[in-house]
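So this one's target_36.cif, mmCIF, C-alpha atoms:
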```cif
data_upload
#
loop_
_atom_site.label_atom_id
_atom_site.label_comp_id
_atom_site.auth_asym_id
_atom_site.auth_seq_id
_atom_site.Cartn_x
_atom_site.Cartn_y
_atom_site.Cartn_z
CA MET A 26 -24.89 149.34 65.05
CA SER A 27 -23.36 151.18 67.92
CA ILE A 28 -19.74 150.60 68.67
CA ASP A 29 -19.93 152.42 71.96
CA ASP A 30 -21.44 149.51 73.79
CA GLU A 31 -20.41 149.47 77.41
CA LEU A 32 -19.83 146.49 79.61
CA SER A 33 -22.52 145.80 82.17
CA ASP A 34 -21.55 145.69 85.83
CA HIS A 35 -21.89 141.93 85.68
CA GLU A 36 -19.54 141.75 82.70
CA LYS A 37 -17.05 144.09 84.34
CA ALA A 38 -17.08 141.91 87.44
CA ALA A 39 -16.55 138.81 85.34
CA PHE A 40 -13.46 140.33 83.71
CA ALA A 41 -12.19 141.57 87.06
CA GLU A 42 -12.45 138.06 88.45
CA LEU A 43 -10.18 136.61 85.80
CA PRO A 44 -6.95 135.59 87.52
CA THR A 45 -4.14 137.99 86.69
CA GLU A 46 -1.40 135.74 87.96
CA ARG A 47 -0.63 132.16 87.13
CA LEU A 48 2.59 130.26 87.44
CA PRO A 49 3.89 128.53 84.36
CA PRO A 50 5.22 124.98 84.69
CA ALA A 51 8.21 125.01 87.05
CA PRO A 52 10.78 123.62 84.57
CA LEU A 53 10.31 126.71 82.41
CA GLU A 54 12.43 128.81 84.77
CA ASP A 55 15.48 126.59 84.32
CA ARG A 56 14.83 126.42 80.59
CA VAL A 57 14.84 130.23 80.38
CA VAL A 58 17.96 130.51 82.53
CA GLY A 59 19.69 127.91 80.35
CA ALA A 60 18.74 129.78 77.17
CA LEU A 61 20.05 133.05 78.61
CA GLN A 62 23.32 131.39 79.59
CA GLN A 63 23.63 129.82 76.18
CA ARG A 64 23.36 133.26 74.60
CA GLY A 65 25.85 134.73 77.02
CA LEU A 66 23.23 136.98 78.65
CA LEU A 67 23.73 135.36 82.04
CA ALA A 68 26.99 134.20 83.56
CA PRO A 69 27.47 130.47 83.24
CA ARG A 70 26.50 128.66 86.36
CA ARG A 71 29.38 128.09 88.72
CA ARG A 72 29.69 124.37 88.72
CA VAL A 73 31.62 122.80 91.55
CA PRO A 74 32.65 119.48 90.09
CA LEU A 75 33.61 116.42 92.02
CA ALA A 76 37.30 117.20 91.41
CA ALA A 77 36.92 120.49 93.30
CA ARG A 78 35.27 118.71 96.21
CA VAL A 79 38.06 116.19 96.30
CA ALA A 80 40.66 118.96 96.12
CA THR A 81 38.97 120.77 99.00
CA ALA A 82 38.95 117.60 101.04
CA VAL A 83 42.61 117.00 100.21
CA VAL A 84 43.59 120.51 101.32
CA ALA A 85 41.60 120.19 104.52
CA GLY A 86 42.99 116.72 105.08
CA LEU A 87 46.50 118.03 104.66
CA VAL A 88 45.86 120.72 107.24
CA LEU A 89 44.40 118.12 109.53
CA PHE A 90 47.33 115.78 109.12
CA VAL A 91 49.97 118.43 109.68
CA ALA A 92 48.06 119.85 112.63
CA GLY A 93 47.74 116.43 114.20
CA ALA A 94 51.40 115.66 113.65
CA GLY A 95 52.45 119.05 114.98
CA THR A 96 50.34 118.68 118.07
CA GLY A 97 51.83 115.28 118.69
CA ILE A 98 55.35 116.62 118.37
CA ARG A 99 54.65 119.64 120.56
CA PHE A 100 53.06 117.72 123.37
CA ALA A 101 55.16 114.57 123.18
CA PRO A 102 56.42 113.43 126.61
CA THR A 103 59.57 115.24 127.54
CA PRO A 104 62.69 113.26 128.58
CA ALA A 105 62.62 111.78 132.04
CA GLY A 106 63.18 114.25 134.79
CA ALA A 107 61.68 117.23 133.04
CA GLY A 108 59.10 117.38 135.80
CA GLY A 109 55.43 118.36 135.83
CA ALA A 110 52.39 116.39 134.61
CA ALA A 111 52.98 115.14 131.10
CA PRO A 112 50.19 116.26 128.71
CA ASP A 113 48.28 113.56 126.92
CA PRO A 114 49.38 113.88 123.27
CA GLU A 115 46.86 111.37 121.96
CA SER A 116 43.85 113.18 123.32
CA ARG A 117 45.12 116.51 122.01
CA ALA A 118 45.78 115.05 118.58
CA ALA A 119 42.33 113.48 118.66
CA ARG A 120 40.78 116.85 119.43
CA VAL A 121 42.60 118.45 116.51
CA GLN A 122 41.46 115.61 114.30
CA GLN A 123 37.84 116.03 115.37
CA THR A 124 38.00 119.76 114.72
CA GLY A 125 39.60 119.15 111.35
CA SER A 126 36.91 116.64 110.42
CA ALA A 127 34.25 119.17 111.34
CA TYR A 128 36.03 121.72 109.13
CA VAL A 129 36.16 119.33 106.17
CA GLU A 130 32.50 118.45 106.67
CA ALA A 131 31.51 122.12 106.83
CA VAL A 132 33.44 122.90 103.65
CA ALA A 133 31.85 119.92 101.87
CA ARG A 134 28.42 121.18 102.91
CA LEU A 135 29.37 124.62 101.62
CA VAL A 136 30.34 123.08 98.29
CA ASP A 137 26.94 121.35 98.11
CA THR A 138 25.14 124.59 98.89
CA SER A 139 27.21 126.45 96.34
CA THR A 140 26.26 123.92 93.68
CA ASP A 141 22.58 124.41 94.48
CA GLU A 142 22.41 128.18 94.89
CA GLY A 143 25.13 129.75 92.79
CA GLY A 144 26.86 132.67 94.49
CA SER A 145 25.01 132.58 97.79
CA THR A 146 27.88 131.08 99.75
CA ASP A 147 30.42 133.87 99.61
CA ALA A 148 30.32 134.50 103.36
CA GLY A 149 30.81 130.81 104.08
CA LEU A 150 33.69 130.63 101.63
CA GLU A 151 35.39 133.62 103.22
CA ALA A 152 34.97 132.02 106.67
CA ALA A 153 36.46 128.75 105.38
CA LYS A 154 39.45 130.61 103.94
CA ALA A 155 39.93 132.54 107.16
CA ALA A 156 39.86 129.30 109.19
CA LEU A 157 42.34 127.71 106.82
CA HIS A 158 44.61 130.73 107.12
CA ALA A 159 44.38 130.72 110.92
CA ALA A 160 45.15 127.00 111.04
CA THR A 161 48.16 127.46 108.78
CA LEU A 162 49.44 130.30 110.97
CA GLU A 163 49.25 128.04 114.00
CA LEU A 164 51.08 125.31 112.12
CA ALA A 165 53.78 127.78 111.14
CA ARG A 166 54.21 128.71 114.79
CA LEU A 167 54.49 125.04 115.60
CA ARG A 168 56.90 124.10 112.83
CA PRO A 169 58.39 127.27 111.36
CA ASP A 170 60.86 125.35 109.21
CA ASP A 171 58.43 122.94 107.62
CA PRO A 172 58.59 123.69 103.86
CA THR A 173 55.00 122.55 103.18
CA ILE A 174 53.58 124.78 105.88
CA ARG A 175 55.72 127.70 104.73
CA LEU A 176 54.51 127.25 101.16
CA MET A 177 50.87 127.12 102.27
CA LEU A 178 51.30 130.24 104.37
CA THR A 179 53.05 132.13 101.59
CA VAL A 180 50.29 131.37 99.09
CA LEU A 181 47.51 132.22 101.54
CA GLU A 182 49.07 135.52 102.54
CA GLU A 183 49.82 136.51 98.96
CA ARG A 184 46.22 135.85 97.99
CA ALA A 185 44.87 137.66 101.03
CA ALA A 186 47.07 140.68 100.25
CA SER A 187 45.94 140.81 96.62
CA GLY A 188 42.31 140.53 97.73
CA ARG A 189 41.58 137.92 95.10
CA ARG A 190 38.95 135.32 95.71
CA THR A 191 40.42 132.15 94.39
CA THR A 192 40.65 128.54 95.28
CA TYR A 193 43.87 127.59 97.01
CA TRP A 194 45.73 124.79 95.33
CA PHE A 195 48.72 123.14 96.90
CA MET B 29 4.46 154.52 88.29
CA ASP B 30 6.72 151.75 89.42
CA VAL B 31 5.35 148.36 90.29
CA ASN B 32 7.70 147.97 93.23
CA THR B 33 5.13 148.72 95.87
CA SER B 34 5.99 145.80 98.07
CA SER B 35 5.89 146.49 101.77
CA GLU B 36 9.08 144.51 102.08
CA ALA B 37 11.56 147.34 102.28
CA SER B 38 14.44 144.94 101.98
CA ARG B 39 13.22 143.55 98.67
CA PRO B 40 15.56 144.73 95.92
CA SER B 41 13.90 146.91 93.31
CA ASP B 42 13.40 145.74 89.74
CA GLN B 43 15.99 148.29 88.67
CA ALA B 44 18.59 147.00 91.13
CA LEU B 45 18.00 143.41 90.05
CA ALA B 46 18.07 144.36 86.39
CA ALA B 47 21.38 146.19 86.92
CA ARG B 48 22.89 143.04 88.41
CA VAL B 49 21.63 140.98 85.51
CA GLN B 50 22.87 143.49 82.97
CA ASN B 51 26.29 144.18 84.50
CA LEU B 52 27.16 140.88 86.14
CA GLY B 53 24.98 138.34 84.39
CA ASP B 54 23.79 137.50 87.91
CA GLU B 55 21.64 134.36 87.74
CA ARG B 56 20.11 134.85 91.18
CA ALA B 57 19.04 138.39 90.34
CA PHE B 58 17.49 137.14 87.13
CA ARG B 59 15.62 134.38 88.93
CA SER B 60 14.22 136.98 91.33
CA LEU B 61 12.97 139.10 88.43
CA TYR B 62 11.59 136.03 86.71
CA ARG B 63 9.70 134.87 89.80
CA ARG B 64 8.38 138.36 90.41
CA HIS B 65 6.97 139.02 86.94
CA THR B 66 6.39 135.73 85.15
CA PRO B 67 3.19 134.97 87.10
CA ALA B 68 1.68 138.06 85.42
CA LEU B 69 3.37 137.55 82.05
CA TYR B 70 2.34 133.94 81.64
CA PRO B 71 -1.48 134.28 81.86
CA PHE B 72 -1.27 137.43 79.73
CA VAL B 73 0.42 135.68 76.81
CA LEU B 74 -1.52 132.46 77.41
CA ARG B 75 -4.79 134.33 76.86
CA LEU B 76 -3.44 136.20 73.84
CA LEU B 77 -2.45 132.88 72.33
CA GLY B 78 -5.88 131.36 72.88
CA GLY B 79 -4.85 129.11 75.74
CA VAL B 80 -2.17 127.12 73.92
CA GLU B 81 0.21 126.41 76.79
CA ALA B 82 3.19 125.22 74.74
CA ASP B 83 3.13 128.43 72.70
CA ALA B 84 2.75 130.50 75.86
CA GLU B 85 5.82 128.88 77.41
CA ASP B 86 7.83 129.55 74.26
CA VAL B 87 6.67 133.15 74.27
CA VAL B 88 7.59 133.58 77.94
CA GLN B 89 11.07 132.31 77.13
CA GLU B 90 11.46 134.54 74.08
CA THR B 91 10.12 137.50 76.04
CA TRP B 92 12.76 137.10 78.75
CA LEU B 93 15.51 136.56 76.20
CA HIS B 94 14.50 139.73 74.41
CA ALA B 95 14.06 141.66 77.66
CA VAL B 96 17.45 140.72 79.10
CA GLY B 97 19.11 141.41 75.75
CA SER B 98 17.46 144.84 75.64
CA LEU B 99 17.94 145.92 79.25
CA ARG B 100 20.57 148.45 78.21
CA ARG B 101 18.01 150.21 76.05
CA PHE B 102 15.23 150.25 78.67
CA ARG B 103 14.99 153.79 80.07
CA TRP B 104 12.79 152.99 83.09
CA GLU B 105 10.17 155.52 82.01
CA SER B 106 7.52 152.86 82.54
CA SER B 107 7.46 150.05 85.06
CA PHE B 108 9.51 146.98 84.32
CA ARG B 109 6.33 144.90 84.21
CA THR B 110 4.62 147.15 81.69
CA TRP B 111 7.72 146.97 79.50
CA LEU B 112 7.91 143.21 79.87
CA LEU B 113 4.22 142.73 79.00
CA GLY B 114 4.76 144.90 75.94
CA ILE B 115 7.53 142.58 74.79
CA GLY B 116 5.28 139.62 75.57
CA LEU B 117 2.54 141.17 73.46
CA ASN B 118 4.89 141.60 70.49
CA GLN B 119 6.22 138.08 70.83
CA SER B 120 2.65 136.73 71.01
CA ARG B 121 1.69 138.66 67.90
CA ASP B 122 4.62 137.09 66.07
CA VAL B 123 3.30 133.67 67.00
CA LEU B 124 -0.24 134.61 65.94
CA ARG B 125 1.08 135.88 62.60
CA ARG B 126 2.97 132.64 62.05
CA ARG B 127 -0.16 130.69 62.89
CA ALA B 128 -2.20 132.79 60.47
CA ARG B 129 0.33 132.20 57.71
CA ALA B 130 0.26 128.48 58.39
CA GLN B 131 -3.55 128.49 58.34
CA SER B 132 -3.73 130.47 55.13
CA ALA B 133 -1.66 127.80 53.46
CA ARG B 134 -4.37 125.29 54.36
CA PRO B 135 -8.01 125.31 53.16
CA ARG B 136 -9.61 128.31 54.88
CA ALA B 137 -12.18 127.64 57.55
CA ASP B 138 -14.71 130.28 58.56
CA SER B 139 -13.42 132.04 61.64
CA VAL B 140 -16.81 131.57 63.26
CA ALA B 141 -16.21 127.85 63.05
CA ARG B 142 -13.53 128.34 65.67
CA TYR B 143 -16.23 129.14 68.20
CA ALA B 144 -17.13 126.32 70.50
CA PRO B 145 -20.46 124.55 70.15
CA ALA B 146 -23.30 126.89 71.00
CA GLU B 147 -25.18 124.18 72.87
CA GLU B 148 -23.02 124.58 75.89
CA ARG B 149 -22.58 127.63 77.96
CA MET B 150 -18.89 128.49 77.97
CA ASP B 151 -16.86 129.91 80.75
CA LEU B 152 -15.24 133.25 80.16
CA GLU B 153 -11.70 131.93 79.70
CA ARG B 154 -12.75 129.44 77.06
CA ALA B 155 -14.93 131.98 75.34
CA ILE B 156 -12.05 134.48 75.14
CA ALA B 157 -9.74 131.75 73.88
CA SER B 158 -12.16 130.89 71.10
CA LEU B 159 -12.38 134.44 69.74
CA PRO B 160 -10.53 135.27 66.51
CA ASP B 161 -7.01 136.53 67.21
CA GLY B 162 -7.67 140.19 66.39
CA TYR B 163 -10.81 140.39 68.51
CA ARG B 164 -9.12 138.57 71.37
CA SER B 165 -6.07 140.82 71.46
CA VAL B 166 -8.09 144.03 71.59
CA LEU B 167 -10.57 142.66 74.11
CA LEU B 168 -7.81 141.42 76.42
CA LEU B 169 -5.84 144.64 76.23
CA HIS B 170 -8.91 146.82 76.78
CA ASP B 171 -11.20 144.88 79.08
CA VAL B 172 -8.71 142.79 81.02
CA GLN B 173 -5.49 144.82 81.02
CA GLY B 174 -7.17 148.25 81.03
CA PHE B 175 -5.40 149.77 78.01
CA THR B 176 -7.06 152.71 76.26
CA HIS B 177 -7.88 152.56 72.56
CA GLU B 178 -5.05 155.00 71.92
CA GLU B 179 -2.58 152.72 73.69
CA ILE B 180 -3.94 149.68 71.86
CA SER B 181 -3.65 151.55 68.60
CA GLU B 182 0.01 152.24 69.32
CA ARG B 183 0.82 148.75 70.59
CA LEU B 184 -0.94 146.86 67.83
CA GLU B 185 -0.16 149.39 65.11
CA ILE B 186 -3.80 149.76 64.13
CA ALA B 187 -6.08 152.80 63.87
CA VAL B 188 -7.96 153.89 66.97
CA GLY B 189 -11.21 153.34 65.08
CA THR B 190 -10.15 149.81 64.25
CA SER B 191 -9.47 149.16 67.90
CA ARG B 192 -12.96 150.39 68.84
CA SER B 193 -14.56 148.36 66.10
CA GLN B 194 -12.64 145.22 66.99
CA LEU B 195 -13.65 145.62 70.63
CA HIS B 196 -17.29 146.00 69.67
CA HIS B 197 -17.21 142.85 67.56
CA ALA B 198 -15.23 141.00 70.21
CA ARG B 199 -17.74 141.83 72.93
CA ARG B 200 -20.66 140.89 70.73
CA ALA B 201 -19.05 137.57 69.86
CA LEU B 202 -18.22 136.95 73.47
CA ARG B 203 -21.78 137.65 74.61
CA GLY B 204 -23.01 135.25 71.98
CA LEU B 205 -20.75 132.57 73.33
CA LEU B 206 -21.65 133.16 76.94
CA GLU B 207 -25.41 133.56 76.75
CA PRO B 208 -27.39 130.64 78.19
CA PRO B 209 -28.42 127.98 75.69
CA VAL B 210 -31.81 128.54 74.14
CA THR B 211 -34.09 125.58 74.75
CA MET B 212 -37.18 124.57 72.86
CA LYS B 213 -39.34 125.48 75.84
CA GLU B 214 -38.02 128.99 75.93
CA THR B 215 -38.59 129.51 72.25
CA SER B 216 -42.13 128.11 72.23
#
```

Rewrite the structure of this file - the entire thing - as structure tokens.
Amino acid sequence: MSIDDELSDHEKAAFAELPTERLPPAPLEDRVVGALQQRGLLAPRRRVPLAARVATAVVAGLVLFVAGAGTGIRFAPTPAGAGGAAPDPESRAARVQQTGSAYVEAVARLVDTSTDEGGSTDAGLEAAKAALHAATLELARLRPDDPTIRLMLTVLEERAASGRRTTYWF
Amino acid sequence: MDVNTSSEASRPSDQALAARVQNLGDERAFRSLYRRHTPALYPFVLRLLGGVEADAEDVVQETWLHAVGSLRRFRWESSFRTWLLGIGLNQSRDVLRRRARAQSARPRADSVARYAPAEERMDLERAIASLPDGYRSVLLLHDVQGFTHEEISERLEIAVGTSRSQLHHARRALRGLLEPPVTMKETS
């Protein structure tokens, strides 16, 4: 009995035609990731719970409220005889409110994306922080003595200086 | 030779992804590695395990757990995929050993009885799946994966001669399974 039998061309072709790639059932990927996380071989998934979403909305809402109030104060009609066309404070406040709503909506969308894709939203997060910082600066210009605004600005600038990526809590 | 021959220059290399997994526990990097290599790992272990999908899924999971846990020790002297398939092979052999132990505890059936009915012509996948474990492993490594007998000898911890002999028997068994059914007309 020879053990040096060779494959025929037909047999070689049959082996070559066997598929070399096949996807396992899709849920297996999450199962493997979960097992790796359980063993500490992968970082635990960053979960953005409902509380964090609410906190984000509260922060953005606070900015919105203060900005709206500040705009109203700044552009309130001056006493009679001041001269010039009086600006329309309601429309300006409305514009700030619309912009603020868009900001809150964008941050909420970012939170959703972060929940789905892990760390893929860093750029968006940095942009959101920068916008928050810029809005707070404007508020500080508007009401430099407001203790809430000063506190917000202090925290934001301290965090920016230390280069830490954290969530801002007020 | 590295398997990273993708024309996509921007695609991170296996080594870069593995470094992120190892140093940062980066889930996204792991998922990229998983999606890149599991489509090759899965059919490899599925065939070794005789087509039992549940076992193959378990082995894929254990292979990745072992691979990620051992990344620090991987020296990148072979491709990541070759290393991963090697781990998959070892994990599959563990499962086959456990199966063999479980079978030996039961009344022994002739291994030939595992072959499918000879009345039907079998397709190649089913025929490979129905081979005895030892035959199947050597045949898959040699004829499907392209390993040499020396490599098989090292991987399976068997003599080179045993590898050759197993391959011979595996091919003969496979041809027997695949040959067209013999009808009465043909024999008369």

Expected selection from the PyMOL selection byres ((chain B) within 9 of (chain A)), given as a PyMOL selection string = chain B and resi 49-50+52-56+58-59+62-63+66-72+81+84-86+88-90+92-93+96-97+152-153+171-173+192-193+195-197+199

Gap from CA of Val121 (chain A) to CA of Gly93 (chain A) - Å, one decimal =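 Separation between CA of Val121 (chain A) and CA of Gly93 (chain A): 6.0 Å.
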
Go through B:Leu61, B:Val166, B:Val80, B:Ala133 one by one, measure the shortest atom-to-atom distance of each to Phe108 (chain B) using only C-alpha atoms, and give the residue with the smallest value.
->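 Answer, going by the shortest atom-to-atom distance: B:Leu61.
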
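Rounded to one decimal, CA of Ser120 (chain B) and CA of Leu45 (chain B) lie 25.4 Å from each other.
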
Take CA of Ala201 (chain B) and CA of Arg75 (chain B) and report the distance between them in Å, one decimal.
->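 Distance between the two atoms: 16.2 Å.
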
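With distances taken over all atoms listed in the file, B:Ser60 is the one residue among B:Ser60, B:Ser181, B:Arg203, B:Asn118 lying closest to Asp42 (chain B).
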
Apply the PyMOL selection byres ((chain A and resi 178) around 10) to the structure shown and report the selected residues as a list in words.
->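 Going through the file, the PyMOL selection byres ((chain A and resi 178) around 10) ends up selecting Leu157, His158, Ala159, Ala160, Thr161, Leu162, Leu164, Ala165, Pro172, Thr173, Ile174, Arg175, Leu176, Met177, Thr179, Val180, Leu181, Glu182, Glu183 and Arg184 of chain A.
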
Up to 12 Å from (-9.4, 150.7, 65.6) in the file's coordinates: name the residues, counting only C-alpha atoms, as a VMD selection string.
-> (chain A and resid 28) or (chain B and resid 162 to 163 165 to 167 170 176 to 197)

Using all atoms listed in the file, which protein or nucleic acid residues come within 7 Å of Gly116 (chain B)? Drop anything in the same chain fewer than 2 positions from it, and give the result as an mmCIF file with C-alpha atoms, in the frame of the given file.
```cif
data_model
loop_
_atom_site.group_PDB
_atom_site.id
_atom_site.type_symbol
_atom_site.label_atom_id
_atom_site.label_comp_id
_atom_site.auth_asym_id
_atom_site.auth_seq_id
_atom_site.Cartn_x
_atom_site.Cartn_y
_atom_site.Cartn_z
ATOM 1 C CA VAL B 73 0.420 135.680 76.810
ATOM 2 C CA VAL B 87 6.670 133.150 74.270
ATOM 3 C CA VAL B 88 7.590 133.580 77.940
ATOM 4 C CA THR B 91 10.120 137.500 76.040
ATOM 5 C CA LEU B 112 7.910 143.210 79.870
ATOM 6 C CA LEU B 113 4.220 142.730 79.000
ATOM 7 C CA GLY B 114 4.760 144.900 75.940
ATOM 8 C CA ASN B 118 4.890 141.600 70.490
ATOM 9 C CA GLN B 119 6.220 138.080 70.830
ATOM 10 C CA SER B 120 2.650 136.730 71.010
#
```

Which residues come within 8 Å of Gly78 (chain B), counting all atoms listed in the file, excluding same-chain residues fewer than 2 positions away, as a PyMOL selection string?
-> chain B and resi 74-76+80+156-159+161

Written file, previous selection with C-alpha atoms, as a short mmCIF file (atom, residue, chain, number, x, y, z; two decimals), in the coordinates of the input:
```
data_model
loop_
_atom_site.label_atom_id
_atom_site.label_comp_id
_atom_site.auth_asym_id
_atom_site.auth_seq_id
_atom_site.Cartn_x
_atom_site.Cartn_y
_atom_site.Cartn_z
CA LEU B 74 -1.52 132.46 77.41
CA ARG B 75 -4.79 134.33 76.86
CA LEU B 76 -3.44 136.20 73.84
CA VAL B 80 -2.17 127.12 73.92
CA ILE B 156 -12.05 134.48 75.14
CA ALA B 157 -9.74 131.75 73.88
CA SER B 158 -12.16 130.89 71.10
CA LEU B 159 -12.38 134.44 69.74
CA ASP B 161 -7.01 136.53 67.21
#
```
